[in-house]
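Colleague: Provided herewith is a single structure, encoded as structure tokens, for subsequent inquiry.
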Amino acid sequence: MSLITVKVNNINVEVEPGATIFAAAQKAGFTIPTLCAWFEIGHTPGACRVCLVEVEGQRNLIASCVYPVTEGMVIHTNTGRVRTARRMVVELLLADHPQECNYCIRNGNCELQRVAEQVGVKEVRFERTYFPETGGIDSSSPSLVRDNRKCINCHRCVTVCEQVQTVSVLTPAWRGGDVKVVPAFDMPLIESNCIACGQCIMACPVGAIYEKDDVDAVWKELQNPSKHVVVQEAPAIRAALGEEFGLPPGSLVTGKMIAALRKLGFDKVFDTNFAADLTIIEEGNELLKRVKEGGKLPMITSCSPGWIKFCEHFYPDLLDHLSTCKSPQQMFGAMAKTYYAQTAGIDPKDIVVVSIMPCTAKKFEAQRPEMNSSGYRDVDYVLTTRELARMIKEGGIDFLNLADEAHDAPMGEYTGAGTIFGATGGVMEAALRTVYAVVTGENLPNLNIIPVRGLEGVKEATLKVGPLGDVSVAIAHGLGNARKIMDLIREGKANYAFIEVMCCPGGCIAGGGEPIPTTNEIRTLRSAALYKDDGGVQKYRQSHENPSITKIYDVFLKEPLGHKSHELLHTHYLARGTDAPHPLPKRPEGHKSHELLHGHVVTRGSELVHQACEGAEKDPLSPEEKR
Amino acid sequence: MKADNDELLNEFSAEKIAELDGIIAKYQGKPGGLIPVLEEAQVALEFLPVSVQKRIAKGLNLPLSRVYGVVTFYSFFTMTPRGRHTVRVCLGTACYVRGGKALADAIEKNFGVKKGETTPDRKFTYESVRCLGACGLGPVVVVDNDVHGRVKPGKVKDILNAYN
């Protein structure tokens with residue numbers, strides 16, 4: 001189809017048919033403020049009315065985020081009428097919003113603040129004087145807090161919950177001025193099917209949904225002299241933490257992160273990546289055992305606690321497909337309170353394990369009652385990337401000027417395989433590297449398994465693994481995509497041996513605890529940082545090469561899937577069921593822009609990761625060239 | 001499943017539940033079936049408590065949140081039982097200045113209900129409305145389809161007691 005020509009503020013632009021006024025204005029070089037729209041997931045309800053523009057021949061102002069252009073349309077984005085209307089809209093939103101900005105969790109990173117500044121609000125003439133202190137705050141979940149007083153009814157959280165994650169816990173209820181976003185029957189989140197992924201936090205423009213803050217509890221432990229506090233950091237932290245301190249997305253800040261944690265007072269700074277390597281040994285061997293002994297296939301990864309809870313709710317009949325391996329976070333905790341306690345000669349009751357995770361569901365996972373196989377809680381506290389950043393700021397640490405430091409032994413050593421757990425496809429790649437080596441006795445000719453990388457919704461690959469022949473695998477990220485694969489398994493049509501599922505679109509680097517904003521572009525950059533860590537920084541790139549892992553099997557665990565492993569590193573699942581096992585929602589045909597949900601290629605994203613990887617291979621620091 | 005059934009049986013007879021299942025079955029797999037199911041279910045069961053909404057969600061394979069969202073959106077649907085009669089007091093401007101508020105207070109006091117509530121004997125559901133277009137008769141009380149005009153607060157009790 002031919003392009004449509006429109007005039008925006010006297011500038012002619014050509015756009016695709018069906019493009020919105022917003023897109024046309026952008027092309028002409030004008031930014032229109034918006035609050036409710038989130039184009040990446042196809043959410044443009046036209047609800048907030050901030051993006052109003054004037055179109056010649058139209059009596060009323062028009063919501064540009066949702067209105068398609070027509071041939072010859074004459075648009076004005078910056079008239080007196082438009083500016084007055086926008087200001088009024090934002091003023092009214094502010095009038096109905098608690099004036100708690102100074103101590104709001106989103107202070108300085110709030111879209112309402114930003115838009116108020118952008119449209120030039122100078123006063124609020126209609127201020128509501130009274131907001132209840134706690135009314136409308138739901139803090140029942142161990143992971144999330146919802147504060148409906150601050151909700152501006154953009155309903156992005158509803159779309160991400162229903163369309164992207166297909167969990168459908170949140171809904172707008174009631175109508176008119178009474179509208180509020182709630183779970184069905186206004187039930188507390190903890191009673192709902194909420195899987196605690198926190199993607200609603202990432203969607204929220206204001207402080208209406210946020211992580212449950214455990215910072216003060218951790219401060220308290222750090223200041224208790226009788227406690228030995230150890231910390232582990234998930235792979236995704238090092239690829240994102242810098243953003244909280246103004247570094248560009250994709251900055252790899254491993255050394256500064258370690259230095260900051262030490263300055264905060266943690267007694268030992270270990271790494272979740274060590275436990276990721278351990279997971280690969282256990283999970284890889286579990287896969288081989290299932291293949292050889294005719295166990296349940298396809299086997300599915302179990303690292304992502306949001307995914308696990310999703311499976312427990314919506315696919316309780318398929319739980320035996322899940323690997324019995326605990327997630328790296330929990331494996332780390334179990335090892336810290338047994339193996340480390342033993343080697344360091346510390347009573348496990350005095351050891352406090354703190355995790356830094358990109359994930360809100362990890363807070364839920366750490367509290368699962370069965371996660372105490374050592375006799376103590378595997379993990380005592382979970383902080384998100386954002387909480388760690390707040391601690392570092394509160395601790396007065398000049399993050400940007402910290403000199404790099406290195407991890408402590410014995411649970412800080414890790415390989416590139418462990419680090420790529422943070423990106424979608426990473427667990428699969430790490431597992432294939434080790435499975436190949438275990439089966440064939442030699443390394444993969446090329447350790448970069450490119451087909452499993454990138455932001456495509458569902459990825460498939462087949463790898464020839466010596467005597468096992470062709471091993472087919474699949475990778476899904478975002479639960480809408482996971483649902484597609486799970487439905488295939490239910491129908492008996494999934495001919496894969498191994499499936500990796502990550503709850504959040506993009507994997508852990510875009511988890512519900514990561515810096516806000518997180519966009520597809522940022523997902524790509526953070527993933528690239530991890531692949532750079534793998535290809536260019538780490539000495540070893542395969543989990544079984546990790547000397548600390550070899551040692552832990554020699555002196556403590558004895559063998560993969562052995563007695564001790566079963567006791568400490570494996571777990572079981574709970575069929576929770578749901579009130580409505582609803583299917584993947586159908587979106588209207590012709591709805592573009594929602595690549596993540598539909599699982600088609602986000603070509604640009606994929607290519608960027610690949611380019612970054614190629615860059616990493618040529619990196620002068622890469623292990624090959626160092627030797 | 002059994003717990004859900006027990007929850008339903010607390011409110012409704014087995015026949016009514018079978019009727020509900022029939023309504024659900026009629027619209028199963030049809031797009032846009034939710035609103036007609038809710039409408040027919042409400043006619044059959046008089047109200048749509050949590051147990052009924054759960055049954056409908058499961059039957060139509062929809063998220064519970066969607067069902068709840070639709071039920072709360074439309075004022076036609078109710079989650080609490082309605083009375084045999086609906087009493088509407090007009091609180092539009094004209095009725096209000098001519099004593100509508102006093103009528104509302106009298107009903108709330110005499111029958112122990114607040115706006116939107118139903119009397120414990122399920123005789124009346126009490127609501128307020130904004131203007132019925134009968135301002136000349138204000139203050140107005142409407143019981144079902146009967147319009148009572150120029151009502152004095154002292155007379156409200158007698159008017160309502162005439163219904164059973």
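Naming scheme: A, B, ... for chains in displayed order of the structure tokens; residues 1 onward per chain; ligands 1 onward as shown.
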Taking only C-alpha atoms into account, produce a table as CSV in which each residue of chain B with an atom at most 7 Å from an atom of chain A appears once, together with its shortest atom pair and the distance in Å to one decimal, ordered by chain and rising number.
Modeller:
```
residue,atom,partner,partner_atom,distance
B:Lys54,CA,A:Asp579,CA,6.4
B:Ala57,CA,A:Ala580,CA,5.8
B:Lys58,CA,A:Ala580,CA,4.7
B:Asn61,CA,A:His582,CA,4.8
B:Leu62,CA,A:His582,CA,5.0
B:Pro63,CA,A:Ala580,CA,5.4
B:Leu64,CA,A:Ala184,CA,6.0
B:Ser65,CA,A:Ala184,CA,4.3
B:Arg66,CA,A:Thr171,CA,6.5
B:Tyr68,CA,A:Ala184,CA,5.5
B:Gly69,CA,A:Ala173,CA,4.5
B:Thr72,CA,A:Trp174,CA,4.6
B:Phe73,CA,A:Trp174,CA,4.5
```
Colleague: Keeping C-alpha atoms for every residue in the selection just given, could you write it to a file as an mmCIF file, in the first residue's frame?
Modeller:
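And here's result.cif as it stands now:
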```cif
data_model
loop_
_atom_site.group_PDB
_atom_site.id
_atom_site.type_symbol
_atom_site.label_atom_id
_atom_site.label_comp_id
_atom_site.auth_asym_id
_atom_site.auth_seq_id
_atom_site.Cartn_x
_atom_site.Cartn_y
_atom_site.Cartn_z
ATOM 1 C CA LYS B 54 -16.593 -18.589 39.459
ATOM 2 C CA ALA B 57 -15.646 -18.122 34.475
ATOM 3 C CA LYS B 58 -14.814 -21.805 34.528
ATOM 4 C CA ASN B 61 -12.999 -20.512 30.096
ATOM 5 C CA LEU B 62 -12.477 -16.878 30.996
ATOM 6 C CA PRO B 63 -10.335 -15.308 33.697
ATOM 7 C CA LEU B 64 -12.269 -14.649 36.875
ATOM 8 C CA SER B 65 -11.073 -11.054 36.773
ATOM 9 C CA ARG B 66 -12.808 -10.531 33.412
ATOM 10 C CA TYR B 68 -15.825 -9.596 37.841
ATOM 11 C CA GLY B 69 -14.870 -6.572 35.738
ATOM 12 C CA THR B 72 -19.134 -4.471 38.368
ATOM 13 C CA PHE B 73 -19.190 -2.334 35.212
#
```
Colleague: Enumerate, as an MDAnalysis selection string, the complete set of residues in range 77-287 of chain A that a backbone-based DSSP assignment places in strand (DSSP E).
Modeller: chainID A and resid 137:138 144:147 170:173 180:183 209:211 228:233 268:269
Colleague: Store the residues picked out above, limited to N, CA and C atoms, as a PDB file, in the first residue's frame.
Modeller:
```pdb
ATOM      1  N   ILE A 137      -4.271   0.168  50.009  1.00  0.00           N
ATOM      2  CA  ILE A 137      -2.940  -0.434  49.858  1.00  0.00           C
ATOM      3  C   ILE A 137      -3.029  -1.925  50.170  1.00  0.00           C
ATOM      4  N   ASP A 138      -2.608  -2.742  49.198  1.00  0.00           N
ATOM      5  CA  ASP A 138      -2.622  -4.189  49.391  1.00  0.00           C
ATOM      6  C   ASP A 138      -1.175  -4.668  49.520  1.00  0.00           C
ATOM      7  N   LEU A 144       4.935  -7.969  46.079  1.00  0.00           N
ATOM      8  CA  LEU A 144       4.460  -6.714  45.506  1.00  0.00           C
ATOM      9  C   LEU A 144       3.570  -5.976  46.485  1.00  0.00           C
ATOM     10  N   VAL A 145       3.554  -4.661  46.337  1.00  0.00           N
ATOM     11  CA  VAL A 145       2.594  -3.835  47.062  1.00  0.00           C
ATOM     12  C   VAL A 145       1.805  -3.052  46.028  1.00  0.00           C
ATOM     13  N   ARG A 146       0.506  -3.042  46.163  1.00  0.00           N
ATOM     14  CA  ARG A 146      -0.333  -2.226  45.277  1.00  0.00           C
ATOM     15  C   ARG A 146      -0.942  -1.099  46.086  1.00  0.00           C
ATOM     16  N   ASP A 147      -0.759   0.135  45.593  1.00  0.00           N
ATOM     17  CA  ASP A 147      -1.283   1.300  46.291  1.00  0.00           C
ATOM     18  C   ASP A 147      -2.267   2.007  45.354  1.00  0.00           C
ATOM     19  N   LEU A 170      -5.283  -8.976  37.289  1.00  0.00           N
ATOM     20  CA  LEU A 170      -5.788  -7.616  37.465  1.00  0.00           C
ATOM     21  C   LEU A 170      -6.867  -7.283  36.439  1.00  0.00           C
ATOM     22  N   THR A 171      -7.863  -6.528  36.878  1.00  0.00           N
ATOM     23  CA  THR A 171      -8.915  -6.072  35.983  1.00  0.00           C
ATOM     24  C   THR A 171      -9.358  -4.688  36.431  1.00  0.00           C
ATOM     25  N   PRO A 172      -9.817  -3.867  35.490  1.00  0.00           N
ATOM     26  CA  PRO A 172     -10.513  -2.668  35.940  1.00  0.00           C
ATOM     27  C   PRO A 172     -11.898  -3.098  36.437  1.00  0.00           C
ATOM     28  N   ALA A 173     -12.326  -2.576  37.563  1.00  0.00           N
ATOM     29  CA  ALA A 173     -13.660  -2.899  38.069  1.00  0.00           C
ATOM     30  C   ALA A 173     -14.432  -1.616  38.295  1.00  0.00           C
ATOM     31  N   LYS A 180     -11.437   1.218  39.584  1.00  0.00           N
ATOM     32  CA  LYS A 180     -10.141   0.917  40.182  1.00  0.00           C
ATOM     33  C   LYS A 180      -9.643  -0.417  39.665  1.00  0.00           C
ATOM     34  N   VAL A 181      -8.323  -0.573  39.680  1.00  0.00           N
ATOM     35  CA  VAL A 181      -7.720  -1.808  39.201  1.00  0.00           C
ATOM     36  C   VAL A 181      -7.566  -2.751  40.382  1.00  0.00           C
ATOM     37  N   VAL A 182      -8.157  -3.922  40.282  1.00  0.00           N
ATOM     38  CA  VAL A 182      -8.141  -4.880  41.394  1.00  0.00           C
ATOM     39  C   VAL A 182      -8.091  -6.303  40.854  1.00  0.00           C
ATOM     40  N   PRO A 183      -7.730  -7.264  41.687  1.00  0.00           N
ATOM     41  CA  PRO A 183      -7.987  -8.661  41.340  1.00  0.00           C
ATOM     42  C   PRO A 183      -9.492  -8.927  41.475  1.00  0.00           C
ATOM     43  N   ILE A 209       2.259   0.496  41.991  1.00  0.00           N
ATOM     44  CA  ILE A 209       2.670  -0.893  42.236  1.00  0.00           C
ATOM     45  C   ILE A 209       4.186  -0.875  42.395  1.00  0.00           C
ATOM     46  N   TYR A 210       4.656  -1.508  43.441  1.00  0.00           N
ATOM     47  CA  TYR A 210       6.101  -1.551  43.639  1.00  0.00           C
ATOM     48  C   TYR A 210       6.497  -2.790  44.428  1.00  0.00           C
ATOM     49  N   GLU A 211       7.809  -3.045  44.461  1.00  0.00           N
ATOM     50  CA  GLU A 211       8.308  -4.228  45.146  1.00  0.00           C
ATOM     51  C   GLU A 211       8.146  -4.060  46.653  1.00  0.00           C
ATOM     52  N   HIS A 228      26.671 -13.596  60.451  1.00  0.00           N
ATOM     53  CA  HIS A 228      27.605 -13.636  59.335  1.00  0.00           C
ATOM     54  C   HIS A 228      26.752 -13.522  58.062  1.00  0.00           C
ATOM     55  N   VAL A 229      26.801 -12.345  57.445  1.00  0.00           N
ATOM     56  CA  VAL A 229      25.879 -12.090  56.326  1.00  0.00           C
ATOM     57  C   VAL A 229      26.597 -12.284  54.998  1.00  0.00           C
ATOM     58  N   VAL A 230      26.106 -13.255  54.214  1.00  0.00           N
ATOM     59  CA  VAL A 230      26.701 -13.482  52.887  1.00  0.00           C
ATOM     60  C   VAL A 230      25.704 -13.040  51.836  1.00  0.00           C
ATOM     61  N   VAL A 231      26.218 -12.608  50.695  1.00  0.00           N
ATOM     62  CA  VAL A 231      25.342 -12.104  49.640  1.00  0.00           C
ATOM     63  C   VAL A 231      25.656 -12.792  48.328  1.00  0.00           C
ATOM     64  N   GLN A 232      24.608 -13.031  47.564  1.00  0.00           N
ATOM     65  CA  GLN A 232      24.745 -13.570  46.204  1.00  0.00           C
ATOM     66  C   GLN A 232      24.024 -12.620  45.262  1.00  0.00           C
ATOM     67  N   GLU A 233      24.561 -12.451  44.048  1.00  0.00           N
ATOM     68  CA  GLU A 233      23.929 -11.568  43.082  1.00  0.00           C
ATOM     69  C   GLU A 233      23.629 -12.341  41.807  1.00  0.00           C
ATOM     70  N   LYS A 268      30.712 -11.781  53.246  1.00  0.00           N
ATOM     71  CA  LYS A 268      31.272 -12.449  52.071  1.00  0.00           C
ATOM     72  C   LYS A 268      30.428 -12.083  50.852  1.00  0.00           C
ATOM     73  N   VAL A 269      31.102 -11.752  49.778  1.00  0.00           N
ATOM     74  CA  VAL A 269      30.394 -11.459  48.537  1.00  0.00           C
ATOM     75  C   VAL A 269      30.603 -12.634  47.584  1.00  0.00           C
TER      76      VAL A 269
END
```
Colleague: Could you tell me which of B:Val142, B:Leu9, B:Leu103, B:Val129 comes closest to His85 in chain B if we count only C-alpha atoms?
Modeller: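 Ranking B:Val142, B:Leu9, B:Leu103, B:Val129 by distance to His85 in chain B, first place goes to B:Val142.
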Colleague: Tell me, as a list in words, which residues lie within 9 Å of range 96-98 of chain B, counting only C-alpha atoms; anything in the same chain fewer than 6 positions away does not count.
Modeller: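 The contact residues come out as Cys90, Gly138, Pro139 and Arg150 of chain B.
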Colleague: Generate a file of the selected residues that holds N, CA and C atoms, formatted as a PDB file, in the first residue's frame.
Modeller:
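Generated output (again.pdb):
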```
ATOM      1  N   CYS B  90     -35.774  10.052  44.421  1.00  0.00           N
ATOM      2  CA  CYS B  90     -35.120  11.010  43.531  1.00  0.00           C
ATOM      3  C   CYS B  90     -34.367  12.047  44.351  1.00  0.00           C
ATOM      4  N   GLY B 138     -42.220  16.603  42.479  1.00  0.00           N
ATOM      5  CA  GLY B 138     -41.205  16.412  43.518  1.00  0.00           C
ATOM      6  C   GLY B 138     -41.701  16.735  44.913  1.00  0.00           C
ATOM      7  N   PRO B 139     -41.172  16.121  45.935  1.00  0.00           N
ATOM      8  CA  PRO B 139     -40.197  15.031  45.833  1.00  0.00           C
ATOM      9  C   PRO B 139     -40.855  13.697  45.462  1.00  0.00           C
ATOM     10  N   ARG B 150     -45.050  14.259  45.461  1.00  0.00           N
ATOM     11  CA  ARG B 150     -45.302  15.129  46.613  1.00  0.00           C
ATOM     12  C   ARG B 150     -45.373  14.339  47.911  1.00  0.00           C
TER      13      ARG B 150
END
```
Colleague: I'd like the neighbourhood of range 64-70 of chain A as a PyMOL selection string, where a residue qualifies if any of its atoms comes within 6 Å (using only C-alpha atoms), though same-chain residues fewer than 4 positions away should be ignored.
Modeller: chain A and resi 18-22+44+46+51-52
